[in-house]
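Enquirer: Sharing a structure, written as structure tokens. Questions coming.
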Amino acid sequence: MRAALSPLAPLLLLAGLLGCDGGAPPPPAPGGGEPTAPAAATAPGSGSLLPFVDESAARGVDFLHQDGAHGDDFLLETMTGGGGFADLDGDGDLDIILIDGGGLPPRGPAPRHRILRNDGTGHFEDATEGAGLPATHPGMGVAIGDVDRDGDPDLYITNYGPNALLINDGTGRFTEREIPDRPAALDRWSASATFLDHDGDGHLDLYVTGYLQATPESAAECARRAGKARCAPQELPAELDHLLVGDGQGGFVDRSARLGIRDTPTAGRGLGVVATDYDDDGDADLYVANDMNLNFLWRNPRREGETTFRDEAIFVGCSSSEDGRAEAGMGVDVGDADADGDLDIIVTNFEDETNSYYRNDGDGLYTELSRAAGMGLKTLSRLAFGVRWIDHDLDGDLDLFVANGHVYPDIAQTRQGSTFAQPDQLFENLGGRFEERLEAAHRAGDLPIRVGRGLASGDIDGDGDLDLLVINNGGAATLLVNRCAGPAVRPRIGLALVGAAPSNRDAYGAKVTVEAGGMRGVHEVRAGASYLSSNDPRLFISPPGATEATVSVRWPSGREEAWTLPVGRLHTIIEGEGPSGSRPMREVP
Amino acid sequence: MALSPARPRAAHRALLRAALGLLLLACLPSPASAQRPAEDPAARQVREAVARGDLKGAIDLGRSLLPANLDNPRLREQLGGAYYLASVRLQRGGAAGETVAGLQREARTHLARAAELSPGPLPIRLIWTLALLENSLGDAAGALRAAERGLRDHPGELRLLTVRAQARTALGELDEAEREWRALVAAQPGSLDAVIGLGGCLEALGRACDAADLFIDSGFAEDEGEAARSWRAQFELVRVLVACGRLDDTIGPLERALALEPQRARIAVELAEQYHRAGRSDDALPLLDRWLGERGFVDRELRTTAHYRRARILANRGEMARAREDYEAVLAREPAHTGALRGLGALLLRSGEEGGRARGRALLERFRHHAPLSDEIRVARNNVRRAPDRPALRVALIELLLKVPDLDAARVELADFAARLPRSPELPRLRARIAVAELAPGPGKGER
């Protein structure tokens, strides 16, 4: 059953209409201090208020992605560009990892993945040297999680070629660990991957999407046979997805067949994946965005006492467009966009397809609502990849950021009105309808227009709002710093969860309910989402007008705990022990 | 300016009269042919029947006279003209595409034979009509040949130049076509046909936005003027706006087009879709109700589309019983319609009705089977359209259709394959595959 609209809805709507200019009266600052002035940035060209400011250069994010193109027109060249945020060196702030494309040997350049270390203020310096990142195969994306339960984030880099599991020594230096007897597909072409604990044993497992079984030669042969410049993905053989079960010590075993992951009529050409408990039964399900195939919703059988995952997407209504067409699914994210207590899905798609907004109806079924929610026409003209639900303006509801860019470098010559580089989009949530907010800034040249692929979110400067990293294909990565509100303009609370056995240490899959300021929001802890990307797993929630919040956690182990915590701070909570410390949100000039 | 209800009907009648008059003129002997030797009595009888508007009578008469006049070019010319006019009349009445094409093929046969049998220069209207028919039937190369032949006898003739430019556009000789269209636009200022032709060529060149700008600069988006009175101009504007991604702008021209041609179902159905896309279901629904209830559709495919679109809207509004009726109507005609399989399956799963859930799951399993195939078929069709002489692409398409199975479509594709590449060694094997598939009860034949 759908929840009734919050009595605060009109107020929220008004706040939303005011954008991020701090129009709502500032509440008292945490700790009783004087409220500070809003720090929204004014765009020099447009004169309008920008929700995000490109501070890549100023903060030391100087990554230039190599697409490795050599005129082969191989799809790989335009599909790469991933990355993410995590505290890789264990110093308490978010660092950045960037996954480079590079080219196919022997002609292409070796990929130059990068690690950028946060100096604690949101400024970055290169820490790649000696970090142990591989440089052999064209990189796609990264999944991040503590696979050996030693308290630091490990990496799984997906490639065109063998993927790489990298174990962190706690200082941001990595050692590659072989996965013996791994399926051959994991040495071919993988796309997004995510860590989850599917069986609740406290050890992270790994889902890896497989894209195509294609080489430059086979793709060229396909195009030659068809008498055209290039083949569409559905004309090339699809690669299979895989679910690998972890042992908690960094070891993984392929259990895809046993767990039913291959029980689909065809492989999916998977590109995006997110682990989420869609049916709220306490275990991690998986949603996979497939390119020109029906999307998958793998229902975890654990709670039903079954042994194999079942693809329920077609039965619950989140597999296709409203018209039943398999679309070009790229990225995916999950969040309670309509604030009714269950999790809704967003999938990014190709140009001429709307992004798919599958609203969870609360009865285990979804309704595709992109048009009704105002995201229809605005997304038709964009080819979208990375995607995140984030409350960018701290008004308590989830907005949507989308990284866009075409896959054909010559599209402007072959299709008027389309371009290879495309503006990213920010859809602001106005009581369930979404309005695009970045058009003016792009027109005025205040934000860069590039070929967007990966998109990750994280609080790089400790101010309690989410900043964004866009990894652009063949171009510079963009660090978009959230300038929507100053530290005291709108209250927010941060939650960093640490799981204790038998939960996984990252607490991936924990369900968090926050009640404050007359609002009740439901959240999940996860890092993997979007496209080829991994996000800051900490939760940042903005309850309007609140000074404290009731936080309830259902841990992956099933344990349930609740506390009342002050707003305006980032709290660390350990399963079974409760809040173990907090620090105030940082003020940003 | 908004058109009053009376005006579009009057404008429509005037346009219809003008169009039919022009077409009649096209198929009647020209002044040049009047100077030819005395008219053949058989041909004269058919011509007089046509002039009375009795096309069926003209065709019956012509066919009865034909066995004794097989090599009579004048009779062939008149009979071909009668078929052509009949095809136009049926088309305007909304007849099914295959019916119209059948008449057009008859017309082409007789006119082509008349051209072969005629000594000396051909009457311009004969060769022009023949070229038009070739284009309509998808034989652009034939149309180009006919136009070139006509232009040898009638250099600079604008109608033939127009057909030639159309044929070049269809053949993908786009740079040459653009030059010819621009020359035609310059030679006939204000000619809608020339502007529409140039716009179509620009669209084929991947410049749909230029085409949209051209149409708008030519007054297509205004409430007055010749283009505002032409449903075709309005519909062409819609087409290029869609191709340019300007869906927001399509509703105005569709409304004008429907006001001009209120009997044209395709416009009504497209307008309803654009209303739906724009979130205006309240406007879309009555339009579809009116068409499906009062007027009906001659074109069954369009009726199916209308049922599907209404079902989708009704389901979104929670009117499940009516939505279900529409989905059932779609599946009765197209058992593999993926949208209806998905829509009805989901609806039944939600209904909670005894037996409904089981059927809903069965429908969704079929949807799971068909959805990837339908996309592969779309790609395969595009491949065949792009390179029609590649047997491997033809085979791939037919194999996919057999997987559905959509035997009717497979047969149509096979016939087209055989017509285009009659000596392909693949043909016997494909014929055998279809024959075998016809014997087997497929998922499309049994339970819906």
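Following the order of the structure tokens, chains are lettered A, B, ..., residues in each are numbered from 1, and ligands are numbered from 1.
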Could you give me, as a Markdown table, a per-residue list for chain A showing, wherever an atom lies at most 6 Å from an atom of chain B, the closest pair of atoms and their distance in Å to one decimal, using only C-alpha atoms and sorting by chain then residue number from low to high?
Expert:
| residue | atom | partner | partner_atom | distance |
| --- | --- | --- | --- | --- |
| A:Asn293 | CA | B:Pro372 | CA | 5.7 |
| A:Asp323 | CA | B:Gly339 | CA | 4.5 |
| A:Gly324 | CA | B:Gly339 | CA | 4.3 |
| A:Ala372 | CA | B:Gly279 | CA | 5.9 |
| A:Thr414 | CA | B:Gly206 | CA | 5.2 |
| A:Arg415 | CA | B:Gly206 | CA | 4.6 |
| A:Gln416 | CA | B:Arg207 | CA | 4.8 |
Enquirer: Please list as a PyMOL selection string every residue within 9 Å of Thr550 of chain A, counting only C-alpha atoms and excluding residues in the same chain fewer than 3 positions away.
Expert: chain A and resi 513-516+562-566
Enquirer: Please produce a file of those selected residues containing N, CA, C and O atoms, as an mmCIF file, in the first residue's frame.
Expert:
data_model
loop_
_atom_site.group_PDB
_atom_site.id
_atom_site.type_symbol
_atom_site.label_atom_id
_atom_site.label_comp_id
_atom_site.auth_asym_id
_atom_site.auth_seq_id
_atom_site.Cartn_x
_atom_site.Cartn_y
_atom_site.Cartn_z
ATOM 1 N N THR A 513 16.326 3.125 8.596
ATOM 2 C CA THR A 513 15.147 3.996 8.576
ATOM 3 C C THR A 513 15.436 5.207 9.453
ATOM 4 O O THR A 513 15.858 5.053 10.604
ATOM 5 N N VAL A 514 15.239 6.361 8.895
ATOM 6 C CA VAL A 514 15.505 7.598 9.642
ATOM 7 C C VAL A 514 14.202 8.375 9.767
ATOM 8 O O VAL A 514 13.549 8.674 8.765
ATOM 9 N N GLU A 515 13.835 8.668 11.012
ATOM 10 C CA GLU A 515 12.627 9.460 11.261
ATOM 11 C C GLU A 515 13.038 10.755 11.944
ATOM 12 O O GLU A 515 13.662 10.731 13.007
ATOM 13 N N ALA A 516 12.707 11.853 11.304
ATOM 14 C CA ALA A 516 13.066 13.158 11.872
ATOM 15 C C ALA A 516 12.337 14.229 11.094
ATOM 16 O O ALA A 516 12.050 14.067 9.899
ATOM 17 N N ALA A 562 18.067 0.595 17.321
ATOM 18 C CA ALA A 562 17.599 1.964 17.064
ATOM 19 C C ALA A 562 18.202 2.921 18.091
ATOM 20 O O ALA A 562 18.438 2.532 19.244
ATOM 21 N N TRP A 563 18.428 4.164 17.648
ATOM 22 C CA TRP A 563 18.975 5.190 18.524
ATOM 23 C C TRP A 563 18.391 6.552 18.118
ATOM 24 O O TRP A 563 17.940 6.726 16.988
ATOM 25 N N THR A 564 18.444 7.464 19.041
ATOM 26 C CA THR A 564 18.142 8.851 18.706
ATOM 27 C C THR A 564 19.468 9.610 18.704
ATOM 28 O O THR A 564 20.210 9.580 19.696
ATOM 29 N N LEU A 565 19.748 10.252 17.609
ATOM 30 C CA LEU A 565 21.064 10.860 17.417
ATOM 31 C C LEU A 565 20.911 12.323 17.012
ATOM 32 O O LEU A 565 19.948 12.690 16.318
ATOM 33 N N PRO A 566 21.858 13.149 17.421
ATOM 34 C CA PRO A 566 21.783 14.556 17.017
ATOM 35 C C PRO A 566 22.092 14.736 15.531
ATOM 36 O O PRO A 566 22.947 14.045 14.971
#
Enquirer: Give me the residues near Leu214 of chain B as an mmCIF file with N, CA, C and O atoms, in the first residue's frame, where near means some atom within 12 Å (using only C-alpha atoms) and where sequence neighbours in that chain fewer than 3 positions away do not count.
Expert:
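What ended up in out.cif:
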data_model
loop_
_atom_site.group_PDB
_atom_site.id
_atom_site.type_symbol
_atom_site.label_atom_id
_atom_site.label_comp_id
_atom_site.auth_asym_id
_atom_site.auth_seq_id
_atom_site.Cartn_x
_atom_site.Cartn_y
_atom_site.Cartn_z
ATOM 1 N N ARG B 182 16.542 20.945 -54.525
ATOM 2 C CA ARG B 182 16.733 22.397 -54.381
ATOM 3 C C ARG B 182 16.389 23.108 -55.688
ATOM 4 O O ARG B 182 15.808 24.193 -55.680
ATOM 5 N N VAL B 185 12.641 23.270 -55.824
ATOM 6 C CA VAL B 185 12.102 24.309 -54.933
ATOM 7 C C VAL B 185 12.279 25.688 -55.574
ATOM 8 O O VAL B 185 11.372 26.534 -55.558
ATOM 9 N N LEU B 192 4.509 22.957 -52.183
ATOM 10 C CA LEU B 192 4.628 22.110 -50.996
ATOM 11 C C LEU B 192 5.337 20.802 -51.319
ATOM 12 O O LEU B 192 6.150 20.313 -50.547
ATOM 13 N N ALA B 194 7.606 20.147 -53.472
ATOM 14 C CA ALA B 194 9.054 20.296 -53.587
ATOM 15 C C ALA B 194 9.696 20.496 -52.210
ATOM 16 O O ALA B 194 10.736 19.914 -51.902
ATOM 17 N N VAL B 195 9.057 21.301 -51.395
ATOM 18 C CA VAL B 195 9.613 21.532 -50.056
ATOM 19 C C VAL B 195 9.585 20.244 -49.238
ATOM 20 O O VAL B 195 10.561 19.889 -48.560
ATOM 21 N N ILE B 196 8.490 19.519 -49.336
ATOM 22 C CA ILE B 196 8.387 18.253 -48.590
ATOM 23 C C ILE B 196 9.441 17.263 -49.099
ATOM 24 O O ILE B 196 10.079 16.549 -48.316
ATOM 25 N N GLY B 197 9.624 17.248 -50.413
ATOM 26 C CA GLY B 197 10.627 16.354 -50.977
ATOM 27 C C GLY B 197 12.024 16.704 -50.490
ATOM 28 O O GLY B 197 12.800 15.818 -50.096
ATOM 29 N N LEU B 198 12.318 17.986 -50.473
ATOM 30 C CA LEU B 198 13.644 18.409 -49.993
ATOM 31 C C LEU B 198 13.804 18.065 -48.513
ATOM 32 O O LEU B 198 14.864 17.587 -48.085
ATOM 33 N N GLY B 199 12.742 18.279 -47.757
ATOM 34 C CA GLY B 199 12.810 17.951 -46.330
ATOM 35 C C GLY B 199 13.060 16.470 -46.110
ATOM 36 O O GLY B 199 13.878 16.086 -45.270
ATOM 37 N N GLY B 200 12.383 15.640 -46.882
ATOM 38 C CA GLY B 200 12.584 14.196 -46.758
ATOM 39 C C GLY B 200 14.010 13.803 -47.093
ATOM 40 O O GLY B 200 14.599 12.922 -46.462
ATOM 41 N N CYS B 201 14.555 14.475 -48.102
ATOM 42 C CA CYS B 201 15.935 14.190 -48.504
ATOM 43 C C CYS B 201 16.902 14.605 -47.387
ATOM 44 O O CYS B 201 17.833 13.864 -47.045
ATOM 45 N N LEU B 202 16.664 15.772 -46.815
ATOM 46 C CA LEU B 202 17.529 16.220 -45.708
ATOM 47 C C LEU B 202 17.449 15.252 -44.541
ATOM 48 O O LEU B 202 18.453 14.923 -43.909
ATOM 49 N N GLU B 203 16.250 14.763 -44.285
ATOM 50 C CA GLU B 203 16.094 13.810 -43.187
ATOM 51 C C GLU B 203 16.903 12.542 -43.478
ATOM 52 O O GLU B 203 17.583 12.009 -42.595
ATOM 53 N N ARG B 207 19.786 14.927 -41.462
ATOM 54 C CA ARG B 207 19.653 16.335 -41.069
ATOM 55 C C ARG B 207 18.185 16.652 -40.801
ATOM 56 O O ARG B 207 17.607 17.583 -41.377
ATOM 57 N N ALA B 208 17.590 15.863 -39.930
ATOM 58 C CA ALA B 208 16.164 16.040 -39.650
ATOM 59 C C ALA B 208 15.876 17.421 -39.063
ATOM 60 O O ALA B 208 14.811 17.997 -39.315
ATOM 61 N N CYS B 209 16.811 17.934 -38.303
ATOM 62 C CA CYS B 209 16.564 19.254 -37.693
ATOM 63 C C CYS B 209 16.575 20.342 -38.768
ATOM 64 O O CYS B 209 15.808 21.309 -38.693
ATOM 65 N N ASP B 210 17.445 20.186 -39.786
ATOM 66 C CA ASP B 210 17.405 21.123 -40.909
ATOM 67 C C ASP B 210 16.065 21.016 -41.633
ATOM 68 O O ASP B 210 15.495 22.021 -42.080
ATOM 69 N N ALA B 211 15.585 19.784 -41.775
ATOM 70 C CA ALA B 211 14.299 19.584 -42.442
ATOM 71 C C ALA B 211 13.186 20.271 -41.656
ATOM 72 O O ALA B 211 12.315 20.936 -42.237
ATOM 73 N N ASP B 217 10.258 27.307 -41.668
ATOM 74 C CA ASP B 217 10.515 28.529 -42.448
ATOM 75 C C ASP B 217 9.562 28.638 -43.628
ATOM 76 O O ASP B 217 9.295 29.742 -44.119
ATOM 77 N N SER B 218 9.083 27.506 -44.117
ATOM 78 C CA SER B 218 8.153 27.520 -45.253
ATOM 79 C C SER B 218 6.704 27.663 -44.803
ATOM 80 O O SER B 218 5.782 27.486 -45.599
ATOM 81 N N GLY B 219 6.503 27.931 -43.540
ATOM 82 C CA GLY B 219 5.154 28.240 -43.062
ATOM 83 C C GLY B 219 4.348 27.035 -42.604
ATOM 84 O O GLY B 219 3.148 27.147 -42.344
ATOM 85 N N PHE B 220 4.996 25.890 -42.458
ATOM 86 C CA PHE B 220 4.239 24.688 -42.102
ATOM 87 C C PHE B 220 3.652 24.758 -40.695
ATOM 88 O O PHE B 220 2.698 24.049 -40.389
ATOM 89 N N ALA B 221 4.280 25.552 -39.832
ATOM 90 C CA ALA B 221 3.806 25.581 -38.445
ATOM 91 C C ALA B 221 2.825 26.726 -38.200
ATOM 92 O O ALA B 221 2.420 26.957 -37.059
ATOM 93 N N ALA B 233 1.405 18.182 -45.417
ATOM 94 C CA ALA B 233 2.477 19.068 -44.952
ATOM 95 C C ALA B 233 2.586 18.997 -43.430
ATOM 96 O O ALA B 233 3.692 18.937 -42.863
ATOM 97 N N GLU B 236 4.104 15.636 -42.451
ATOM 98 C CA GLU B 236 5.548 15.602 -42.720
ATOM 99 C C GLU B 236 6.307 16.412 -41.672
ATOM 100 O O GLU B 236 7.399 16.035 -41.246
ATOM 101 N N LEU B 237 5.732 17.520 -41.271
ATOM 102 C CA LEU B 237 6.363 18.326 -40.226
ATOM 103 C C LEU B 237 6.486 17.502 -38.941
ATOM 104 O O LEU B 237 7.529 17.502 -38.271
ATOM 105 N N VAL B 240 9.422 14.908 -39.212
ATOM 106 C CA VAL B 240 10.796 15.390 -39.047
ATOM 107 C C VAL B 240 11.024 15.942 -37.630
ATOM 108 O O VAL B 240 12.137 15.865 -37.111
ATOM 109 N N LEU B 241 9.979 16.465 -37.035
ATOM 110 C CA LEU B 241 10.127 16.912 -35.644
ATOM 111 C C LEU B 241 10.438 15.729 -34.740
ATOM 112 O O LEU B 241 11.283 15.812 -33.843
#
Enquirer: Near Gln422 of chain A, within 8 Å and counting only C-alpha atoms, which residues show up once chain neighbours fewer than 5 positions away are dropped, as a short mmCIF file (atom, residue, chain, number, x, y, z; two decimals) with N, CA, C and O atoms, in the first residue's frame?
Expert:
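In the end it all went to out_2.cif:
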data_model
loop_
_atom_site.label_atom_id
_atom_site.label_comp_id
_atom_site.auth_asym_id
_atom_site.auth_seq_id
_atom_site.Cartn_x
_atom_site.Cartn_y
_atom_site.Cartn_z
N ARG A 382 18.92 12.07 -24.86
CA ARG A 382 20.22 11.82 -24.23
C ARG A 382 20.50 10.32 -24.18
O ARG A 382 19.59 9.52 -23.99
N LEU A 383 21.77 9.99 -24.32
CA LEU A 383 22.20 8.61 -24.13
C LEU A 383 22.87 8.57 -22.77
O LEU A 383 23.91 9.18 -22.56
N ASN A 404 25.69 11.69 -19.15
CA ASN A 404 25.27 11.38 -20.52
C ASN A 404 26.43 11.44 -21.51
O ASN A 404 27.38 12.20 -21.33
N GLY A 405 26.29 10.72 -22.59
CA GLY A 405 27.25 10.78 -23.70
C GLY A 405 26.97 9.66 -24.68
O GLY A 405 26.66 8.54 -24.28
N HIS A 406 27.04 9.96 -25.95
CA HIS A 406 26.71 8.96 -26.97
C HIS A 406 27.82 7.91 -27.07
O HIS A 406 28.90 8.09 -26.50
N ILE A 449 30.70 19.91 -20.92
CA ILE A 449 29.90 18.92 -21.65
C ILE A 449 30.86 17.89 -22.21
O ILE A 449 31.68 18.20 -23.08
N ARG A 450 30.80 16.67 -21.69
CA ARG A 450 31.74 15.63 -22.08
C ARG A 450 30.99 14.34 -22.37
O ARG A 450 29.76 14.34 -22.43
N VAL A 451 31.75 13.27 -22.54
CA VAL A 451 31.14 11.98 -22.86
C VAL A 451 31.03 11.17 -21.57
O VAL A 451 31.91 10.39 -21.22
N GLY A 452 29.96 11.39 -20.85
CA GLY A 452 29.82 10.84 -19.51
C GLY A 452 29.64 9.33 -19.51
O GLY A 452 28.93 8.76 -20.35
#
Enquirer: Segment 180-307 of chain B: which residues are alpha helix (DSSP H) by DSSP, as a ChimeraX atom specification?
Expert: /B:180-187,192-204,208-217,231-243,251-260,265-277,281-290,300-307
Enquirer: Expressed in Å to a single decimal, how great is the separation between atom CA of Arg177 of chain A and atom CA of Gly101 of chain A?
Expert: 21.4 Å
Enquirer: What is the atom CA of Gly102 of chain B to atom CA of Ile267 of chain B distance in Å?
Expert: 23.9 Å
Enquirer: Do a neighbour search on Arg302 of chain A at 12 Å with only C-alpha atoms, toss out local chain neighbours closer than 5 positions, and write the hits as a count of residues only.
Expert: 16
Enquirer: Please identify the strand (DSSP E) residues within segment 229-432 of chain A (assignment by DSSP from backbone atoms) and present them as number ranges by chain.
Expert: A: 242-246, 252-254, 270-276, 285-290, 296-299, 310-311, 332-335, 344-347, 356-360, 366-368, 384-390, 399-404, 425-430
Enquirer: Need the shell around segment 44-46 of chain B: protein/DNA/RNA residues with any atom at most 9 Å away, counting only C-alpha atoms. Skip same-chain ones fewer than 4 positions apart. Format as a PyMOL selection string?
Expert: chain B and resi 39-40+50-51+55+57-59+61-62+74-75+78-79+82
Enquirer: Using atom CA of Leu314 of chain B and atom CA of Leu331 of chain B as the two end points, give the distance in Å to one decimal.
Expert: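 Those two atoms sit 16.4 Å apart.
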Enquirer: Please provide the set of residues having any atom within 12 Å of Asp71 of chain B, restricted to only C-alpha atoms, with same-chain residues fewer than 4 positions apart removed, written as a PyMOL selection string.
Expert: chain B and resi 65-67+75-77+110-119
Enquirer: Ranking A:Ala373, A:Ala110, A:Leu455, A:Met292 by minimum distance to Gly432 of chain A and counting only C-alpha atoms, which one comes first?
Expert: A:Ala373
